[in-house]
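Novice: So I've got this file, my_file33.csv, and it contains CSV, C-alpha atoms:
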```
chain,number,residue,atom,x,y,z
A,426,MET,CA,-71.0,119.9,-145.5
A,427,ALA,CA,-67.6,119.6,-147.1
A,428,LYS,CA,-65.5,117.1,-149.1
A,429,VAL,CA,-62.3,116.6,-147.1
A,430,THR,CA,-59.0,115.7,-148.7
A,431,ILE,CA,-56.0,114.6,-146.5
A,432,ASP,CA,-52.9,114.4,-148.7
A,433,ARG,CA,-49.7,112.7,-147.4
A,434,ILE,CA,-49.8,114.0,-143.9
A,435,ARG,CA,-46.7,113.3,-141.8
A,436,LYS,CA,-46.2,114.0,-138.1
A,437,SER,CA,-43.4,113.0,-135.7
A,438,TYR,CA,-42.6,113.5,-132.1
A,439,GLY,CA,-38.9,113.3,-131.8
A,440,LYS,CA,-37.9,110.1,-133.5
A,441,GLU,CA,-41.3,108.6,-133.2
A,442,ASN,CA,-43.3,108.7,-136.5
A,443,VAL,CA,-47.0,109.1,-135.6
A,444,LEU,CA,-48.4,109.7,-139.1
A,445,ASN,CA,-46.7,108.3,-142.1
A,446,ASP,CA,-47.7,110.0,-145.4
A,447,LEU,CA,-51.3,109.4,-144.6
A,448,SER,CA,-53.9,110.1,-147.3
A,449,LEU,CA,-57.6,110.0,-147.0
A,450,GLU,CA,-60.7,111.4,-148.7
A,451,ILE,CA,-64.0,111.9,-146.9
A,452,ALA,CA,-67.0,112.4,-149.1
A,453,ASP,CA,-69.4,115.3,-148.7
A,454,GLY,CA,-71.9,114.4,-146.0
A,455,ASP,CA,-70.3,111.2,-144.9
A,456,ILE,CA,-69.9,110.1,-141.3
A,457,PHE,CA,-66.4,108.7,-141.5
A,458,PHE,CA,-64.8,106.6,-138.7
A,459,LEU,CA,-61.1,106.1,-137.8
A,460,LEU,CA,-60.5,103.0,-135.8
A,461,GLY,CA,-57.3,101.6,-134.4
A,462,ALA,CA,-55.5,100.7,-131.2
A,463,SER,CA,-54.4,103.4,-128.8
A,464,GLY,CA,-51.3,105.3,-130.1
A,465,CYS,CA,-52.0,104.5,-133.8
A,466,GLY,CA,-52.3,108.3,-134.7
A,467,LYS,CA,-56.1,108.7,-134.7
A,468,SER,CA,-56.3,111.7,-132.3
A,469,THR,CA,-53.2,113.3,-133.8
A,470,LEU,CA,-54.8,113.4,-137.2
A,471,LEU,CA,-58.0,114.9,-135.7
A,472,ARG,CA,-56.1,117.7,-134.0
A,473,ILE,CA,-54.2,118.5,-137.2
A,474,LEU,CA,-57.5,118.8,-139.0
A,475,ALA,CA,-58.8,121.1,-136.3
A,476,GLY,CA,-55.7,123.3,-136.5
A,477,LEU,CA,-54.6,122.4,-133.0
A,478,LEU,CA,-51.4,120.7,-134.3
A,479,GLU,CA,-49.2,121.5,-137.2
A,480,PRO,CA,-48.2,118.6,-139.5
A,481,ASP,CA,-44.6,118.1,-140.5
A,482,ALA,CA,-45.7,117.7,-144.2
A,483,GLY,CA,-48.8,117.3,-146.3
A,484,HIS,CA,-51.9,119.2,-147.1
A,485,ILE,CA,-55.6,119.4,-146.0
A,486,SER,CA,-58.3,120.7,-148.3
A,487,PHE,CA,-62.1,121.4,-147.8
A,488,ASP,CA,-64.0,121.3,-151.1
A,489,GLY,CA,-60.7,121.6,-153.0
A,490,GLU,CA,-59.4,124.6,-151.0
A,491,LYS,CA,-56.3,124.2,-148.9
A,492,ILE,CA,-56.8,125.2,-145.2
A,493,ASP,CA,-53.2,124.4,-144.0
A,494,ASP,CA,-52.4,128.1,-143.1
A,495,LEU,CA,-55.8,128.9,-141.5
A,496,PRO,CA,-56.1,129.1,-137.6
A,497,PRO,CA,-58.6,126.9,-135.9
A,498,GLU,CA,-61.3,129.5,-135.7
A,499,LYS,CA,-61.2,130.1,-139.5
A,500,ARG,CA,-61.3,126.4,-140.6
A,501,GLN,CA,-65.1,126.0,-140.3
A,502,SER,CA,-64.6,122.8,-138.3
A,503,ALA,CA,-65.7,122.1,-134.8
A,504,MET,CA,-64.4,119.5,-132.3
A,505,VAL,CA,-66.1,117.4,-129.6
A,506,PHE,CA,-63.5,116.3,-127.1
A,507,GLN,CA,-63.4,113.0,-125.2
A,508,ASN,CA,-63.7,114.9,-121.8
A,509,TYR,CA,-66.2,117.4,-123.4
A,510,ALA,CA,-64.0,120.5,-122.3
A,511,LEU,CA,-67.0,122.4,-121.0
A,512,TRP,CA,-66.7,125.5,-118.8
A,513,PRO,CA,-68.0,124.4,-115.4
A,514,HIS,CA,-68.6,128.0,-114.2
A,515,MET,CA,-71.0,128.7,-117.1
A,516,THR,CA,-74.5,127.6,-117.8
A,517,VAL,CA,-75.5,125.3,-120.6
A,518,ARG,CA,-76.6,128.4,-122.6
A,519,GLU,CA,-73.3,130.2,-122.0
A,520,ASN,CA,-71.2,127.2,-123.0
A,521,VAL,CA,-73.0,126.9,-126.3
A,522,ALA,CA,-72.9,130.7,-126.9
A,523,PHE,CA,-69.2,130.9,-126.2
A,524,ALA,CA,-67.8,130.2,-129.7
A,525,LEU,CA,-70.4,132.5,-131.2
A,526,ARG,CA,-69.4,135.4,-129.0
A,527,CYS,CA,-65.7,134.8,-129.8
A,528,ALA,CA,-66.7,135.0,-133.5
A,529,GLY,CA,-68.2,138.4,-132.9
A,530,LYS,CA,-71.8,137.4,-133.6
A,531,LYS,CA,-74.6,139.8,-132.5
A,532,ARG,CA,-76.6,139.1,-129.4
A,533,ALA,CA,-79.8,138.4,-131.2
A,534,GLU,CA,-78.1,136.0,-133.7
A,535,ILE,CA,-76.4,134.2,-130.8
A,536,ASP,CA,-79.7,133.8,-128.8
A,537,GLU,CA,-81.5,132.4,-131.9
A,538,ARG,CA,-78.8,129.9,-132.7
A,539,VAL,CA,-78.4,128.8,-129.1
A,540,ARG,CA,-82.1,128.1,-128.9
A,541,GLU,CA,-82.0,126.2,-132.2
A,542,VAL,CA,-79.2,123.9,-131.3
A,543,LEU,CA,-80.4,123.2,-127.8
A,544,SER,CA,-83.7,122.3,-129.2
A,545,GLY,CA,-82.0,119.9,-131.6
A,546,VAL,CA,-80.2,118.1,-128.8
A,547,GLN,CA,-83.3,118.2,-126.5
A,548,LEU,CA,-81.7,120.5,-123.8
A,549,GLU,CA,-83.9,123.6,-124.0
A,550,SER,CA,-85.3,123.0,-120.5
A,551,LEU,CA,-81.7,122.8,-119.1
A,552,ALA,CA,-80.4,126.0,-120.7
A,553,ASP,CA,-79.8,127.8,-117.4
A,554,ARG,CA,-78.4,124.8,-115.5
A,555,ARG,CA,-74.7,124.7,-114.5
A,556,ILE,CA,-72.5,122.0,-116.1
A,557,GLY,CA,-71.9,120.2,-112.8
A,558,ALA,CA,-75.6,119.6,-112.3
A,559,LEU,CA,-75.8,117.6,-115.6
A,560,SER,CA,-75.5,113.9,-116.2
A,561,GLY,CA,-72.8,112.5,-118.4
A,562,GLY,CA,-75.2,112.1,-121.3
A,563,GLN,CA,-76.4,115.7,-120.9
A,564,GLN,CA,-72.9,117.0,-120.8
A,565,GLN,CA,-72.1,115.1,-124.0
A,566,ARG,CA,-75.0,116.7,-125.7
A,567,VAL,CA,-74.0,120.2,-124.5
A,568,ALA,CA,-70.5,119.6,-126.1
A,569,LEU,CA,-72.2,118.5,-129.3
A,570,ALA,CA,-74.5,121.5,-129.3
A,571,ARG,CA,-71.6,123.9,-128.8
A,572,ALA,CA,-69.8,122.3,-131.8
A,573,LEU,CA,-73.0,122.6,-133.9
A,574,ALA,CA,-73.6,126.2,-133.0
A,575,VAL,CA,-70.9,127.5,-135.3
A,576,LYS,CA,-72.4,125.6,-138.3
A,577,PRO,CA,-69.2,123.8,-139.1
A,578,LYS,CA,-68.4,122.3,-142.5
A,579,LEU,CA,-66.6,119.4,-140.7
A,580,LEU,CA,-67.5,118.0,-137.3
A,581,LEU,CA,-64.6,116.3,-135.5
A,582,LEU,CA,-65.4,113.8,-132.7
A,583,ASP,CA,-62.7,112.4,-130.4
A,584,GLU,CA,-64.1,109.3,-128.6
A,585,PRO,CA,-67.0,111.4,-127.3
A,586,LEU,CA,-68.9,108.4,-125.8
A,587,SER,CA,-66.0,106.7,-124.0
A,588,ASN,CA,-67.0,108.2,-120.6
A,589,LEU,CA,-70.6,107.0,-120.7
A,590,ASP,CA,-72.1,103.7,-119.5
A,591,ALA,CA,-72.9,101.0,-122.0
A,592,ARG,CA,-76.7,101.7,-122.1
A,593,LEU,CA,-76.2,105.5,-122.6
A,594,ARG,CA,-73.6,104.9,-125.3
A,595,GLU,CA,-76.2,102.9,-127.3
A,596,THR,CA,-78.7,105.8,-127.0
A,597,MET,CA,-76.2,108.5,-127.9
A,598,ARG,CA,-75.0,106.6,-131.0
A,599,GLY,CA,-78.4,107.0,-132.6
A,600,GLU,CA,-78.7,110.6,-131.5
A,601,ILE,CA,-75.3,111.5,-133.0
A,602,ARG,CA,-76.2,109.9,-136.3
A,603,ALA,CA,-79.6,111.6,-136.4
A,604,ILE,CA,-78.1,115.0,-135.6
A,605,CYS,CA,-75.4,114.7,-138.3
A,606,ARG,CA,-78.0,113.8,-140.9
A,607,ARG,CA,-80.4,116.6,-139.8
A,608,GLU,CA,-77.6,119.2,-139.8
A,609,LYS,CA,-76.2,117.8,-143.1
A,610,LEU,CA,-72.7,117.5,-141.6
A,611,THR,CA,-69.5,115.8,-142.8
A,612,ALA,CA,-68.1,114.2,-139.7
A,613,LEU,CA,-64.8,112.5,-138.8
A,614,TYR,CA,-65.2,110.3,-135.7
A,615,VAL,CA,-62.3,108.7,-133.8
A,616,THR,CA,-62.8,105.7,-131.7
A,617,HIS,CA,-61.5,102.2,-130.8
A,618,ASP,CA,-65.0,100.9,-130.4
A,619,ARG,CA,-66.1,99.0,-133.5
A,620,GLN,CA,-69.7,98.9,-132.5
A,621,GLU,CA,-69.8,102.7,-132.6
A,622,ALA,CA,-68.3,102.6,-136.1
A,623,PHE,CA,-70.6,99.9,-137.4
A,624,SER,CA,-73.8,101.5,-136.0
A,625,ILE,CA,-73.1,105.1,-137.1
A,626,GLY,CA,-70.5,105.2,-139.8
A,627,ASP,CA,-71.0,105.4,-143.6
A,628,LYS,CA,-67.3,104.6,-144.1
A,629,VAL,CA,-64.6,103.2,-141.8
A,630,ALA,CA,-60.8,103.2,-142.0
A,631,TRP,CA,-58.6,101.0,-139.9
A,632,MET,CA,-55.3,102.7,-138.8
A,633,ASP,CA,-52.1,101.1,-137.5
A,634,HIS,CA,-48.8,102.9,-136.8
A,635,GLY,CA,-49.8,106.0,-138.6
A,636,VAL,CA,-51.1,104.5,-141.9
A,637,ILE,CA,-54.5,103.5,-143.2
A,638,LEU,CA,-54.4,99.7,-143.8
A,639,GLN,CA,-58.0,99.4,-145.1
A,640,GLU,CA,-61.0,101.5,-145.6
A,641,GLY,CA,-64.5,100.9,-146.8
A,642,THR,CA,-68.1,100.4,-145.6
A,643,PRO,CA,-68.6,98.6,-142.2
A,644,THR,CA,-69.7,95.4,-144.0
A,645,GLN,CA,-66.6,95.4,-146.2
A,646,LEU,CA,-64.2,95.6,-143.3
A,647,TYR,CA,-66.2,93.0,-141.3
A,648,TYR,CA,-66.6,90.4,-144.0
A,649,GLN,CA,-63.7,91.2,-146.3
A,650,PRO,CA,-60.7,92.2,-144.1
A,651,VAL,CA,-57.4,92.6,-145.8
A,652,ASN,CA,-55.5,90.3,-143.4
A,653,CYS,CA,-55.8,88.4,-140.1
A,654,ALA,CA,-55.1,91.3,-137.9
A,655,CYS,CA,-57.9,93.4,-139.4
A,656,ALA,CA,-60.2,90.4,-139.2
A,657,GLU,CA,-59.5,90.0,-135.4
A,658,PHE,CA,-59.8,93.7,-134.7
A,659,PHE,CA,-63.3,93.8,-136.1
A,660,GLY,CA,-64.8,90.9,-134.3
A,661,ASP,CA,-64.7,87.2,-133.4
A,662,VAL,CA,-63.3,85.1,-136.2
A,663,ASN,CA,-62.4,81.6,-137.1
A,664,PHE,CA,-59.1,80.9,-139.0
A,665,LEU,CA,-58.8,77.6,-140.8
A,666,ALA,CA,-55.4,76.2,-141.7
A,667,GLY,CA,-55.4,74.3,-145.0
A,668,ARG,CA,-54.6,74.9,-148.7
A,669,ARG,CA,-56.4,76.3,-151.7
A,670,THR,CA,-57.3,74.0,-154.6
A,671,GLY,CA,-59.0,76.1,-157.2
A,672,GLN,CA,-62.1,77.6,-155.6
A,673,ASN,CA,-62.1,75.2,-152.6
A,674,TRP,CA,-60.3,75.3,-149.3
A,675,GLU,CA,-59.0,71.8,-148.2
A,676,THR,CA,-59.0,71.0,-144.5
A,677,PRO,CA,-58.5,67.8,-142.5
A,678,PHE,CA,-62.3,67.6,-142.1
A,679,GLY,CA,-63.4,68.4,-145.7
A,680,ALA,CA,-63.2,70.7,-148.7
A,681,PHE,CA,-65.3,73.9,-148.7
A,682,ALA,CA,-66.2,76.4,-151.4
A,683,LEU,CA,-64.4,79.8,-151.1
A,684,ALA,CA,-66.0,83.2,-151.6
A,685,GLY,CA,-62.7,84.4,-153.0
A,686,GLY,CA,-59.5,85.9,-151.5
A,687,ALA,CA,-55.8,85.8,-152.1
A,688,PRO,CA,-54.5,83.1,-154.5
A,689,ASP,CA,-51.5,82.5,-152.2
A,690,ALA,CA,-53.6,82.4,-149.1
A,691,GLU,CA,-52.2,80.9,-145.9
A,692,VAL,CA,-55.5,80.6,-144.0
A,693,ALA,CA,-59.2,81.0,-144.6
A,694,MET,CA,-61.6,82.9,-142.3
A,695,ILE,CA,-65.2,82.8,-141.4
A,696,ARG,CA,-67.3,84.7,-138.8
A,697,PRO,CA,-68.9,82.7,-136.0
A,698,GLU,CA,-72.5,83.6,-137.0
A,699,MET,CA,-71.8,82.1,-140.4
A,700,ILE,CA,-71.5,78.5,-139.0
A,701,HIS,CA,-74.9,76.8,-138.6
A,702,LEU,CA,-76.2,73.7,-137.0
A,703,VAL,CA,-77.5,71.3,-139.8
A,704,ASP,CA,-79.0,67.9,-140.1
A,705,GLU,CA,-76.7,64.8,-139.9
A,706,ASN,CA,-75.0,64.0,-143.2
A,707,MET,CA,-75.3,67.6,-144.3
A,708,GLY,CA,-72.1,68.9,-142.7
A,709,PHE,CA,-69.3,67.8,-140.4
A,710,ALA,CA,-69.3,66.5,-136.9
A,711,VAL,CA,-68.1,68.6,-133.9
A,712,ARG,CA,-68.1,68.2,-130.1
A,713,VAL,CA,-69.0,71.1,-127.8
A,714,VAL,CA,-66.2,72.0,-125.4
A,715,ASP,CA,-67.5,75.3,-123.9
A,716,VAL,CA,-70.7,77.3,-123.9
A,717,ILE,CA,-70.8,81.1,-123.2
A,718,PHE,CA,-74.2,82.5,-122.6
A,719,LEU,CA,-74.4,86.2,-123.6
A,720,GLY,CA,-78.1,86.9,-123.3
A,721,GLU,CA,-79.3,87.6,-126.8
A,722,ASN,CA,-76.9,85.0,-128.2
A,723,GLN,CA,-74.5,82.2,-127.3
A,724,LEU,CA,-70.9,81.4,-128.2
A,725,LEU,CA,-70.2,77.7,-128.6
A,726,ARG,CA,-66.6,76.5,-128.6
A,727,VAL,CA,-66.4,73.3,-130.6
A,728,GLU,CA,-63.8,70.9,-131.9
A,729,THR,CA,-64.1,68.9,-135.1
A,730,GLU,CA,-64.3,65.2,-134.9
A,731,LYS,CA,-61.6,64.9,-137.6
A,732,GLY,CA,-58.4,66.9,-137.2
A,733,GLY,CA,-59.3,68.4,-133.8
A,734,VAL,CA,-59.8,71.9,-135.2
A,735,SER,CA,-61.3,74.4,-132.8
A,736,LEU,CA,-64.2,76.7,-134.0
A,737,THR,CA,-66.4,79.3,-132.4
A,738,ILE,CA,-70.1,79.4,-133.4
A,739,ARG,CA,-72.5,82.2,-132.5
A,740,ARG,CA,-76.2,81.3,-132.2
A,741,CYS,CA,-79.3,83.3,-131.4
A,742,GLY,CA,-82.1,81.5,-129.6
A,743,GLY,CA,-83.0,77.8,-129.6
A,744,VAL,CA,-82.0,75.1,-127.2
A,745,ILE,CA,-78.6,75.8,-125.7
A,746,PRO,CA,-76.2,72.8,-126.2
A,747,ARG,CA,-74.2,71.4,-123.3
A,748,VAL,CA,-70.5,70.7,-123.0
A,749,GLY,CA,-69.9,67.2,-124.5
A,750,ASP,CA,-72.8,67.4,-126.9
A,751,ARG,CA,-72.1,66.2,-130.5
A,752,LEU,CA,-73.5,68.4,-133.3
A,753,THR,CA,-73.3,68.6,-137.0
A,754,VAL,CA,-72.4,72.0,-138.5
A,755,ASN,CA,-71.6,73.6,-141.8
A,756,PHE,CA,-70.4,76.9,-143.2
A,757,GLU,CA,-72.8,79.3,-144.8
A,758,ALA,CA,-72.2,79.4,-148.6
A,759,GLY,CA,-70.1,82.2,-149.9
A,760,GLN,CA,-68.7,83.2,-146.5
A,761,LEU,CA,-65.3,81.4,-146.4
A,762,LEU,CA,-62.6,83.9,-147.4
A,763,ALA,CA,-59.0,82.9,-148.1
A,764,MET,CA,-56.4,85.4,-146.9
A,765,ALA,CA,-52.7,86.0,-146.2
A,766,LYS,CA,-51.7,86.3,-142.6
```
Write out the structure in this file as structure tokens.
Specialist:
Amino acid sequence: MAKVTIDRIRKSYGKENVLNDLSLEIADGDIFFLLGASGCGKSTLLRILAGLLEPDAGHISFDGEKIDDLPPEKRQSAMVFQNYALWPHMTVRENVAFALRCAGKKRAEIDERVREVLSGVQLESLADRRIGALSGGQQQRVALARALAVKPKLLLLDEPLSNLDARLRETMRGEIRAICRREKLTALYVTHDRQEAFSIGDKVAWMDHGVILQEGTPTQLYYQPVNCACAEFFGDVNFLAGRRTGQNWETPFGAFALAGGAPDAEVAMIRPEMIHLVDENMGFAVRVVDVIFLGENQLLRVETEKGGVSLTIRRCGGVIPRVGDRLTVNFEAGQLLAMAK
């Protein structure tokens, strides 16, 4: 494990600034996620940490020691690439042993470590199989085993699940988290998939145009986003126009208690699952304008009877309303957050 400090890293390609004085600290043993749209600088930062790219300015430290001048093989970091980057002419065993051979390890030590990591990713029985004979999930685990073989202080993962189908991605999320915990790894994981970040990550940072706009736990970024763009990036959200009066948010269909937020807020937000069906006279009236069935839950698009404000509600189970039905709903207490756009 290692505490990782990224201090004012800058990187440009020609006139394009990819990373702009980016600073970040990853606690010892944390699984830290970087999220953002394509082109925001996530993978560039990962490659700088791995030593595959040189920054224009800034410093990187592991446990307080700068590693800026160290080549990739001396950094005690290991990277799992999006396309896995496995050697197709080698067996599983040979792929995992490759970095250990390059490091000059003795044959007996290599064999023992390869057996250990293949057991950890449940691939012992496939050790002598060629890469082309493996499924996508098995190849992903080989890439992970190869990274673990060198006992890195920092594990770097560049969208490692993006080539897998949805069901297999869910399975591999749990496996990656379990492996990181078992191996006591500090990990930096780059993705644009918020479900990966929420299900695996201890901390999450949202990047845009080369800077960190917000970081915190998954629940903090989901329920307390810094602005509307962050709120939309991390899931379905309702924005309510109105004005703040003390601790309430005034709308055309009623006044509602705020959980907090900016004093000069322009809108208030609430997640769809925090709007509930209630008894008549305990909320405000809405009319259903659309129903989207998603299996384990439903999304209801509704309009308020007063003011014509559109809202999205997420429900799990129960009788599914129909378009045109009139319902009474209310906001869950403490979930309405005022914010600037």
Novice: For Lys628 of chain A, which residue out of A:Glu640, A:Glu549, A:Glu698, A:Glu728 is the nearest one, using only C-alpha atoms?
Specialist: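 Between A:Glu640, A:Glu549, A:Glu698, A:Glu728, the residue approaching Lys628 of chain A most closely is A:Glu640.
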Novice: Point out the residue among A:Lys531, A:Leu752, A:Ala475, A:Lys440 with the least atom-to-atom distance to Asp704 of chain A, counting only C-alpha atoms.
Specialist: A:Leu752
Novice: Mind checking which residues fall within 7 Å of Val748 of chain A, counting all atoms listed in the file, ignoring those fewer than 2 positions away in the same chain, and posting them as a list of chain:residue names?
Specialist: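 Once the nearby chain positions are removed, what remains is A:Val713, A:Val714, A:Asp715, A:Val716, A:Pro746, A:Asp750.
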Novice: Find the residues around Glu490 of chain A up to 10 Å (all atoms listed in the file counted), leave out those fewer than 4 positions away in its own chain, and share them as number ranges by chain.
Specialist: A: 428-430, 485-486
Novice: Just to confirm, what's the straight-line distance from atom CA of Ser448 of chain A to atom CA of Lys609 of chain A in Å (one decimal)?
Specialist: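 These two atoms are separated by 24.0 Å.
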Novice: In Å, with one decimal, what is the gap from atom CA of Gly461 of chain A to atom CA of Phe623 of chain A?
Specialist: 13.7 Å
Novice: The residues within 12 Å of (-74.9, 68.9, -144.1), using all atoms listed in the file and the coordinates of the file, should be reported as a VMD selection string; which are they?
Specialist: chain A and resid 679 681 700 to 710 752 to 758
Novice: Which is closer to Ser502 of chain A than all the others in A:Val651, A:Val692, A:Leu613, A:Ala684, using only C-alpha atoms?
Specialist: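 Of A:Val651, A:Val692, A:Leu613, A:Ala684, the one nearest Ser502 of chain A is A:Leu613, counting only C-alpha atoms.
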Novice: Kindly indicate which residue among A:Pro677, A:Gly686, A:Gly733, A:Gly454 lies nearest to Pro577 of chain A, using only C-alpha atoms for the distances.
Specialist: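 So, comparing all the options, the nearest one is A:Gly454.
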Novice: Between atom CA of Val662 of chain A and atom CA of Ala591 of chain A, measure the distance and give it in Å to one decimal.
Specialist: 23.4 Å
Novice: Which residues are near Cys527 of chain A? Cut-off 12 Å, all atoms listed in the file, ignore same chain within fewer than 6 positions. Put them as number ranges by chain.
Specialist: A: 498-499, 519-521, 535, 575
Novice: Identify which of the residues A:Ala765, A:Ile738, A:Ala482, A:Leu724 lies closest to Pro650 of chain A, counting only C-alpha atoms when measuring atom-to-atom distances.
Specialist: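 Smallest separation from Pro650 of chain A among the options: A:Ala765.
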Novice: Write out as a PyMOL selection string which residues come within 10 Å of segment 552-569 of chain A when counting only C-alpha atoms, dropping same-chain ones fewer than 5 positions away.
Specialist: chain A and resi 503-521+539-540+542-547+574+580+582+585-586+588-590+593-594+596-597+600-601+604
Novice: Residues at most 8 Å from Ala630 of chain A, counting all atoms listed in the file, excluding those fewer than 4 positions away in the same chain, as a ChimeraX atom specification?
Specialist: /A:457-460,637-641
Novice: Pick out the closest residue to Arg472 of chain A from this set: A:Cys605, A:Val711, A:Val615, A:Cys741. Count all atoms listed in the file.
Specialist: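 Counting all atoms listed in the file, the residue closest to Arg472 of chain A is A:Val615.
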